[in-house]
>>> print(open('my_file.txt').read())   # compact mmCIF, C-alpha atoms
# COMPACT_ATOMS: atom_id res chain seq x y z
CA MET A 1 -83.89 -11.56 51.13
CA VAL A 2 -85.91 -13.67 48.75
CA ALA A 3 -85.57 -16.77 50.89
CA ALA A 4 -86.27 -15.11 54.20
CA SER A 5 -89.65 -16.46 55.18
CA GLN A 6 -93.15 -17.21 54.11
CA GLY A 7 -95.28 -14.12 53.76
CA VAL A 8 -92.40 -12.04 52.41
CA GLU A 9 -92.98 -11.13 48.78
CA SER A 10 -90.04 -12.42 46.76
CA GLY A 11 -91.00 -10.95 43.42
CA VAL A 12 -90.48 -14.37 41.87
CA PRO A 13 -93.50 -15.77 40.00
CA HIS A 14 -95.29 -18.26 42.26
CA GLY A 15 -92.70 -17.47 44.90
CA ALA A 16 -95.05 -17.93 47.84
CA VAL A 17 -96.23 -21.30 46.54
CA LEU A 18 -92.66 -22.45 45.99
CA THR A 19 -91.48 -21.28 49.39
CA ALA A 20 -94.37 -23.01 51.10
CA PHE A 21 -93.55 -26.20 49.22
CA VAL A 22 -89.90 -26.17 50.27
CA ASP A 23 -90.91 -25.56 53.87
CA ALA A 24 -93.37 -28.45 53.75
CA CYS A 25 -90.89 -30.80 52.09
CA LEU A 26 -88.32 -30.21 54.79
CA GLY A 27 -90.85 -30.07 57.60
CA PRO A 28 -92.72 -32.73 59.55
CA ASP A 29 -96.33 -32.01 58.48
CA ALA A 30 -97.54 -34.55 55.88
CA ALA A 31 -100.83 -32.75 55.38
CA ALA A 32 -99.05 -29.46 54.73
CA LEU A 33 -96.84 -31.19 52.17
CA ALA A 34 -99.83 -32.71 50.37
CA HIS A 35 -101.49 -29.29 50.25
CA ALA A 36 -98.30 -27.58 49.06
CA ARG A 37 -97.77 -30.27 46.42
CA ASN A 38 -101.24 -29.68 45.00
CA ALA A 39 -100.65 -25.94 44.97
CA VAL A 40 -97.42 -26.30 42.95
CA ILE A 41 -99.05 -28.62 40.43
CA ALA A 42 -102.10 -26.38 40.10
CA GLY A 43 -100.02 -23.25 39.73
CA LEU A 44 -97.05 -24.39 37.68
CA GLY A 45 -97.97 -27.72 36.07
CA ASP A 46 -96.66 -31.27 36.16
CA ALA A 47 -93.28 -30.74 34.47
CA ALA A 48 -92.48 -27.78 36.69
CA PHE A 49 -93.52 -29.77 39.75
CA VAL A 50 -90.93 -32.44 38.93
CA ASP A 51 -88.21 -29.82 38.53
CA VAL A 52 -89.25 -28.10 41.76
CA CYS A 53 -88.94 -31.41 43.60
CA ALA A 54 -85.57 -32.07 41.98
CA THR A 55 -84.23 -28.69 43.09
CA VAL A 56 -85.33 -29.27 46.67
CA ALA A 57 -83.63 -32.66 46.58
CA SER A 58 -80.41 -31.13 45.31
CA PHE A 59 -80.20 -28.47 47.99
CA ASN A 60 -81.22 -30.74 50.82
CA ALA A 61 -78.22 -32.87 49.88
CA VAL A 62 -75.43 -30.62 48.68
CA VAL A 63 -75.53 -28.58 51.89
CA LYS A 64 -74.44 -31.72 53.75
CA ILE A 65 -71.30 -31.97 51.65
CA ALA A 66 -70.47 -28.33 52.28
CA ASP A 67 -71.11 -28.49 56.01
CA ALA A 68 -69.42 -31.86 56.57
CA THR A 69 -66.20 -30.92 54.79
CA GLY A 70 -65.85 -27.31 55.86
CA ILE A 71 -65.20 -25.90 52.45
CA PRO A 72 -64.98 -22.10 52.39
CA LEU A 73 -66.81 -19.76 50.07
CA GLU A 74 -64.98 -19.04 46.84
CA GLU A 75 -63.26 -15.65 46.91
CA ALA A 76 -65.62 -14.16 44.32
CA LYS A 77 -68.66 -15.36 46.24
CA GLU A 78 -67.14 -14.14 49.47
CA ALA A 79 -66.63 -10.67 48.00
CA ARG A 80 -70.16 -10.49 46.62
CA THR A 81 -71.70 -11.38 49.97
CA ARG A 82 -69.35 -9.39 52.24
CA ASP A 83 -71.81 -6.56 52.91
CA ILE A 84 -74.77 -8.74 53.76
CA ARG A 85 -72.66 -11.05 55.94
CA ALA A 86 -71.32 -8.03 57.83
CA ALA A 87 -74.83 -6.68 58.30
CA LEU A 88 -75.97 -10.03 59.67
CA GLY A 89 -72.90 -10.41 61.88
CA ILE A 90 -72.76 -14.00 60.72
CA GLU A 91 -68.98 -14.34 61.06
CA ALA A 92 -69.41 -14.19 64.83
CA PHE A 93 -70.89 -17.68 64.66
CA HIS A 94 -67.80 -19.33 63.20
CA ALA A 95 -67.20 -22.59 65.06
CA PRO A 96 -63.70 -23.91 65.83
CA MET B 97 -90.22 -39.81 29.41
CA THR B 98 -92.34 -39.96 32.53
CA ILE B 99 -92.07 -40.92 36.16
CA GLU B 100 -94.92 -42.59 37.98
CA ILE B 101 -96.36 -41.03 41.10
CA ASN B 102 -99.10 -43.13 42.66
CA GLY B 103 -100.32 -44.38 39.30
CA ARG B 104 -100.04 -41.00 37.61
CA GLN B 105 -97.42 -40.36 34.92
CA LEU B 106 -95.59 -37.04 35.21
CA PRO B 107 -93.27 -35.72 32.50
CA ALA B 108 -89.60 -35.96 33.37
CA ARG B 109 -86.41 -35.23 31.50
CA PRO B 110 -84.78 -38.48 30.31
CA SER B 111 -81.43 -37.24 31.62
CA LEU B 112 -82.96 -36.82 35.09
CA VAL B 113 -84.50 -40.28 35.07
CA GLY B 114 -81.21 -41.76 33.87
CA ALA B 115 -79.17 -39.96 36.52
CA ILE B 116 -81.50 -41.21 39.26
CA GLU B 117 -81.16 -44.82 38.12
CA ASP B 118 -77.38 -44.50 37.78
CA ALA B 119 -77.16 -43.09 41.30
CA TRP B 120 -79.09 -46.05 42.74
CA GLN B 121 -76.81 -48.49 40.94
CA ARG B 122 -73.64 -46.72 42.04
CA LEU B 123 -74.78 -46.77 45.65
CA ALA B 124 -74.85 -50.56 45.53
CA GLY B 125 -71.47 -51.09 43.92
CA PRO B 126 -68.01 -51.05 45.46
CA GLY B 127 -66.66 -47.59 46.02
CA THR B 128 -63.14 -46.33 46.47
CA TRP B 129 -62.93 -47.05 50.22
CA TRP B 130 -66.16 -48.94 51.06
CA GLN B 131 -67.64 -52.14 49.65
CA GLY B 132 -71.07 -52.05 48.03
CA ALA B 133 -72.72 -53.65 51.05
CA GLU B 134 -71.04 -51.07 53.30
CA ARG B 135 -72.22 -48.19 51.12
CA LEU B 136 -75.76 -49.51 51.38
CA ALA B 137 -75.32 -49.86 55.15
CA ILE B 138 -74.38 -46.17 55.23
CA ALA B 139 -77.52 -45.37 53.24
CA GLU B 140 -79.70 -47.50 55.53
CA GLU B 141 -78.17 -45.88 58.61
CA ALA B 142 -78.83 -42.45 57.10
CA ARG B 143 -82.47 -43.32 56.69
CA ALA B 144 -82.65 -44.55 60.27
CA ALA B 145 -81.13 -41.29 61.50
CA LEU B 146 -84.35 -39.48 60.66
CA SER B 147 -86.16 -41.33 63.45
CA CYS B 148 -83.19 -41.63 65.82
CA ARG B 149 -84.04 -40.50 69.36
CA LEU B 150 -80.49 -39.45 70.15
CA CYS B 151 -80.34 -37.33 67.01
CA ALA B 152 -83.66 -35.71 67.90
CA THR B 153 -82.44 -34.94 71.41
CA ARG B 154 -79.21 -33.48 70.10
CA LYS B 155 -80.99 -31.47 67.44
CA ALA B 156 -83.18 -29.87 70.09
CA ALA B 157 -80.27 -29.17 72.44
CA LEU B 158 -78.33 -25.94 72.52
CA SER B 159 -75.22 -27.96 71.75
CA PRO B 160 -75.12 -31.32 69.93
CA TYR B 161 -72.55 -32.42 72.51
CA ALA B 162 -75.01 -32.01 75.39
CA ALA B 163 -76.49 -35.49 74.90
CA ASP B 164 -74.71 -38.81 74.73
CA GLY B 165 -75.96 -42.32 74.03
CA ARG B 166 -76.50 -44.82 71.26
CA HIS B 167 -78.00 -44.03 67.90
CA ASP B 168 -81.11 -45.89 66.77
CA GLY B 169 -80.56 -47.81 63.57
CA PRO B 170 -79.25 -51.03 62.05
CA GLY B 171 -75.91 -50.60 63.80
CA VAL B 172 -73.96 -52.59 61.23
CA LEU B 173 -71.19 -50.03 60.83
CA SER B 174 -68.51 -49.04 63.30
CA ARG B 175 -69.40 -46.67 66.13
CA GLU B 176 -67.45 -43.86 64.44
CA ALA B 177 -69.14 -44.41 61.09
CA ILE B 178 -72.60 -44.49 62.68
CA GLU B 179 -71.88 -41.24 64.51
CA ALA B 180 -70.70 -39.64 61.28
CA VAL B 181 -73.72 -40.81 59.26
CA HIS B 182 -76.26 -39.63 61.83
CA ARG B 183 -74.64 -36.25 62.33
CA VAL B 184 -74.19 -35.53 58.64
CA ARG B 185 -77.76 -36.56 57.91
CA THR B 186 -79.54 -34.77 60.77
CA ASP B 187 -77.42 -31.89 62.05
CA PRO B 188 -74.74 -30.95 59.52
CA SER B 189 -74.85 -27.21 60.07
CA ARG B 190 -73.34 -27.61 63.55
CA ILE B 191 -70.48 -29.83 62.43
CA THR B 192 -67.14 -28.37 63.45
CA GLU B 193 -63.60 -28.80 62.26
CA ARG B 194 -62.67 -30.42 65.56
CA TRP B 195 -65.41 -33.06 65.14
CA VAL B 196 -64.35 -33.82 61.56
CA ARG B 197 -60.69 -34.08 62.52
CA GLY B 198 -61.58 -36.45 65.35
CA LEU B 199 -63.16 -38.85 62.85
CA ALA B 200 -60.86 -38.27 59.89
CA ASP B 201 -57.70 -38.62 61.95
CA GLY B 202 -59.13 -41.50 64.01
CA ALA B 203 -60.33 -45.02 63.32
CA LEU B 204 -62.70 -44.01 60.53
CA GLY B 205 -60.06 -42.35 58.39
CA GLU B 206 -60.21 -39.32 56.15
CA GLU B 207 -60.89 -41.05 52.84
CA ARG B 208 -63.66 -43.24 54.27
CA TYR B 209 -65.19 -40.17 55.94
CA VAL B 210 -65.32 -38.27 52.64
CA GLU B 211 -66.89 -41.20 50.79
CA LEU B 212 -69.39 -41.64 53.64
CA VAL B 213 -70.38 -37.97 53.32
CA SER B 214 -70.97 -38.46 49.61
CA VAL B 215 -73.11 -41.56 50.15
CA VAL B 216 -75.20 -39.77 52.78
CA ALA B 217 -75.67 -36.84 50.42
CA ILE B 218 -76.71 -39.11 47.55
CA ILE B 219 -79.28 -41.08 49.55
CA THR B 220 -80.54 -37.79 50.96
CA ALA B 221 -81.03 -36.44 47.46
CA LEU B 222 -82.77 -39.59 46.22
CA ASP B 223 -85.05 -39.90 49.24
CA THR B 224 -85.85 -36.17 49.34
CA LEU B 225 -86.86 -36.34 45.69
CA ASP B 226 -89.25 -39.22 46.32
CA HIS B 227 -90.60 -37.55 49.45
CA ALA B 228 -91.21 -34.30 47.59
CA LEU B 229 -92.86 -36.07 44.67
CA GLY B 230 -95.10 -38.04 46.99
CA ARG B 231 -93.59 -41.42 46.17
CA ALA B 232 -92.85 -44.12 48.71
CA ILE B 233 -89.22 -44.33 49.74
CA ARG B 234 -87.56 -46.83 47.42
CA PRO B 235 -86.12 -50.06 48.83
CA LEU B 236 -82.34 -50.16 48.76
CA PRO B 237 -80.91 -52.26 45.94
CA GLN B 238 -78.94 -55.44 46.40
CA PRO B 239 -75.22 -54.87 46.89
CA ARG B 240 -72.83 -55.75 44.10
CA PRO B 241 -69.65 -57.61 45.02
CA GLY B 242 -66.19 -56.21 44.52
CA GLU B 243 -63.37 -54.65 46.42
CA PRO B 244 -62.77 -50.91 46.86
CA THR B 245 -59.87 -49.58 44.85
CA ARG B 246 -58.40 -47.67 47.82
CA GLN B 247 -56.60 -45.17 45.61
CA ARG B 248 -55.78 -41.87 47.35
CA PRO B 249 -54.93 -39.01 44.98
CA ALA B 250 -51.20 -38.39 45.03
CA ASN B 251 -51.36 -34.67 45.74
CA ALA B 252 -54.25 -34.45 48.17
CA VAL B 253 -53.49 -31.96 50.93
CA ARG B 254 -55.41 -30.37 53.76
CA ASP B 255 -55.20 -26.72 52.74
CA LEU B 256 -58.70 -25.72 51.66
CA ALA B 257 -61.22 -27.57 53.81
CA TRP B 258 -61.35 -29.66 56.98
CA VAL B 259 -60.48 -32.68 54.87
CA ALA B 260 -57.78 -33.06 52.25
CA THR B 261 -58.66 -31.90 48.76
CA VAL B 262 -56.92 -31.89 45.42
CA ALA B 263 -56.18 -28.64 43.62
CA PRO B 264 -57.18 -28.69 39.95
CA ASP B 265 -53.62 -27.95 38.87
CA ALA B 266 -52.11 -30.65 41.10
CA ILE B 267 -53.54 -33.73 39.41
CA PRO B 268 -50.73 -35.85 37.92
CA ALA B 269 -51.05 -37.17 34.39
CA GLY B 270 -52.77 -40.53 34.39
CA GLU B 271 -54.74 -39.88 37.57
CA LEU B 272 -58.53 -39.55 37.44
CA ASN B 273 -59.40 -35.85 37.18
CA PRO B 274 -62.54 -35.39 39.27
CA TYR B 275 -63.15 -31.90 37.88
CA SER B 276 -63.13 -32.78 34.19
CA VAL B 277 -66.90 -32.84 33.78
CA HIS B 278 -68.59 -30.75 36.45
CA GLY B 279 -66.02 -28.05 37.22
CA ASP B 280 -63.71 -27.27 40.08
CA LYS B 281 -65.64 -24.98 42.41
CA ASN B 282 -65.03 -25.53 46.08
CA ILE B 283 -68.15 -27.67 46.37
CA HIS B 284 -66.66 -30.06 43.80
CA ARG B 285 -63.28 -29.98 45.52
CA ALA B 286 -64.98 -30.90 48.82
CA LEU B 287 -65.18 -34.53 47.61
CA GLY B 288 -61.93 -34.41 45.63
CA LEU B 289 -60.10 -36.72 48.03
CA VAL B 290 -62.28 -39.49 46.60
CA PRO B 291 -62.44 -38.52 42.92
CA GLN B 292 -65.09 -41.05 41.91
CA GLU B 293 -67.47 -39.54 44.45
CA VAL B 294 -67.27 -36.18 42.68
CA PHE B 295 -68.78 -37.95 39.69
CA ASN B 296 -71.17 -40.08 41.75
CA PHE B 297 -72.73 -37.08 43.48
CA PHE B 298 -72.56 -34.43 40.78
CA ASP B 299 -73.69 -36.68 37.90
CA LEU B 300 -76.95 -36.79 39.85
CA ASP B 301 -76.88 -33.25 41.19
CA VAL B 302 -76.50 -31.50 37.84
CA GLU B 303 -79.74 -33.15 36.72
CA LEU B 304 -81.54 -32.28 39.92
CA TYR B 305 -80.28 -28.69 39.84
CA LEU B 306 -78.25 -27.36 36.91
CA LYS B 307 -74.91 -27.96 35.22
CA ASP B 308 -72.22 -25.52 36.24
CA HIS B 309 -72.34 -23.52 32.99
CA GLU B 310 -76.14 -23.36 33.11
CA ILE B 311 -76.32 -21.73 36.51
CA ARG B 312 -75.42 -18.25 35.29
CA ASP B 313 -76.68 -18.61 31.72
CA PHE B 314 -79.66 -16.36 32.19
CA ALA B 315 -80.30 -16.20 28.44
CA HIS B 316 -81.63 -19.74 28.47
CA GLU B 317 -83.98 -21.71 30.68
CA TYR B 318 -83.01 -25.36 31.07
CA ARG B 319 -85.89 -26.46 33.25
CA ALA B 320 -89.67 -26.14 33.38
CA ILE B 321 -89.07 -23.51 36.07
CA SER B 322 -87.07 -20.31 35.62
CA HIS B 323 -83.67 -19.37 37.03
CA PRO B 324 -85.25 -17.08 39.66
CA GLN B 325 -87.62 -19.84 40.72
CA ILE B 326 -84.76 -22.36 40.95
CA GLU B 327 -82.66 -19.99 43.03
CA LEU B 328 -85.59 -19.16 45.29
CA ILE B 329 -86.04 -22.86 46.03
CA ALA B 330 -82.29 -23.34 46.43
CA GLY B 331 -81.98 -20.40 48.78
CA ARG B 332 -84.93 -21.46 50.88
CA ALA B 333 -83.74 -25.06 51.19
CA SER B 334 -80.24 -23.92 52.08
CA ALA B 335 -81.59 -21.48 54.66
CA LEU B 336 -83.76 -24.14 56.30
CA ASN B 337 -80.66 -26.34 56.45
CA ARG B 338 -78.75 -23.38 57.95
CA CYS B 339 -75.98 -23.95 55.46
CA TYR B 340 -73.19 -21.38 55.53
CA TYR B 341 -71.82 -22.21 52.09
>>> encode(input="my_file.txt", output="structure tokens")
Amino acid sequence: MVAASQGVESGVPHGAVLTAFVDACLGPDAAALAHARNAVIAGLGDAAFVDVCATVASFNAVVKIADATGIPLEEAKEARTRDIRAALGIEAFHAP
Amino acid sequence: MTIEINGRQLPARPSLVGAIEDAWQRLAGPGTWWQGAERLAIAEEARAALSCRLCATRKAALSPYAADGRHDGPGVLSREAIEAVHRVRTDPSRITERWVRGLADGALGEERYVELVSVVAIITALDTLDHALGRAIRPLPQPRPGEPTRQRPANAVRDLAWVATVAPDAIPAGELNPYSVHGDKNIHRALGLVPQEVFNFFDLDVELYLKDHEIRDFAHEYRAISHPQIELIAGRASALNRCYY
């Protein structure tokens, strides 16, 4: 899984830097965020940094809509992810 | 166009800057079910939730229902609205259908709950962006007067999600079609009970992330980062939020 954890090679250019930045943005450590911010700017540049921040903002927000309304996965998305969800046993965590 | 971060100008897409400013203005104006001042109270309560002791206790507990008490915050809204704002902001992944039904079918009401969710999501997006960029959190704007329209879509039914939604083919002629611009995936339909909120959230979100048709257009890059980089960030943020969808 590309989003599994820090230290796992994603194969995405600057993947480790980006993952560390997301973790720092959504974590409590201000110093870690400042360090991660500098690493993104140094590695990808100013314009990319803005778009990285925007993407984090989007996905820290849209998840709240999904979770708070209980929308299901679309059928096509459900079919594409059936194998990995079965392997994870994630359906066992469905809440009433 | 640029955005200023601590005295430094960073390049930013004009459409992104415009969407951010529009989102701030829309937060302050009357909505469909809440007045402008009430929408800002929701936003202020959402900010307070991040330092709420009850929310922190619940977040650390095996079950969010293990701790009871009063939420820290301005406390301007009703008890039900405050509970909804804090939970959606701080612990959404453990929200259940039973909890939503208790609010939507109770004093808060289904339409007001859906608009509240949208407002919390919008202020979360705006504040997360500033936090990520390294900018100070922006003061909330002044509310604009006006009454909510209180228009419920005619054919909204509870058949897809925990709240009523509107199917794309069930929108009567003359009624606002919330899917006309951004598409009709389930995530759009989630806010369909309050059509204007589909626009209010996704007009901002498509500039933060991507427009619907851009997401799978791998022949073009629409941002200063690539599709794989965007999806890596999206996947990581979703995973940290423990979002099922």
>>> atom_distance(input="my_file.txt", atom1="CA of Ile99 (chain B)", atom2="CA of Ala142 (chain B)")
24.8 Å
>>> interface_residues(input="my_file.txt", of="chain A", to="chain B", cutoff="9 Å", atoms="all atoms listed in the file", output="PyMOL selection string")
chain A and resi 2-5+10+12-15+18-19+21-26+33-34+37+44-74+95-96
>>> atom_distance(input="my_file.txt", atom1="CA of His167 (chain B)", atom2="CA of Ala203 (chain B)")
18.3 Å
>>> residues_around(input="my_file.txt", residues="Arg246 (chain B)", least_positions_apart="5", cutoff="10 Å", atoms="all atoms listed in the file", output="list in words")
Gly127, Thr128, Trp129, Trp130, Glu207, Arg208 and Val290 of chain B
>>> residues_around(input="my_file.txt", residues="Arg135 (chain B)", least_positions_apart="2", cutoff="8 Å", atoms="all atoms listed in the file", output="list in words")
Leu123, Ala124, Gly125, Pro126, Gly127, Trp130, Gln131, Gly132, Ala133, Ala137, Ile138, Ala139, Leu212 and Val215 of chain B
>>> write_last_selection(input="my_file.txt", atoms="C-alpha atoms", output="PDB file, keeping the file's coordinate frame")
ATOM      1  CA  LEU B 123     -74.780 -46.770  45.650  1.00  0.00           C
ATOM      2  CA  ALA B 124     -74.850 -50.560  45.530  1.00  0.00           C
ATOM      3  CA  GLY B 125     -71.470 -51.090  43.920  1.00  0.00           C
ATOM      4  CA  PRO B 126     -68.010 -51.050  45.460  1.00  0.00           C
ATOM      5  CA  GLY B 127     -66.660 -47.590  46.020  1.00  0.00           C
ATOM      6  CA  TRP B 130     -66.160 -48.940  51.060  1.00  0.00           C
ATOM      7  CA  GLN B 131     -67.640 -52.140  49.650  1.00  0.00           C
ATOM      8  CA  GLY B 132     -71.070 -52.050  48.030  1.00  0.00           C
ATOM      9  CA  ALA B 133     -72.720 -53.650  51.050  1.00  0.00           C
ATOM     10  CA  ALA B 137     -75.320 -49.860  55.150  1.00  0.00           C
ATOM     11  CA  ILE B 138     -74.380 -46.170  55.230  1.00  0.00           C
ATOM     12  CA  ALA B 139     -77.520 -45.370  53.240  1.00  0.00           C
ATOM     13  CA  LEU B 212     -69.390 -41.640  53.640  1.00  0.00           C
ATOM     14  CA  VAL B 215     -73.110 -41.560  50.150  1.00  0.00           C
TER      15      VAL B 215
END
>>> axis_aligned_box(input="my_file.txt", around="region 280-283 of chain B", padding_each_side="3 Å", output="lines of an AutoDock Vina configuration file")
center_x = -65.9
center_y = -26.3
center_z = 43.2
size_x = 10.4
size_y = 8.7
size_z = 12.3
>>> atom_distance(input="my_file.txt", atom1="CA of Glu100 (chain B)", atom2="CA of His278 (chain B)")
28.9 Å
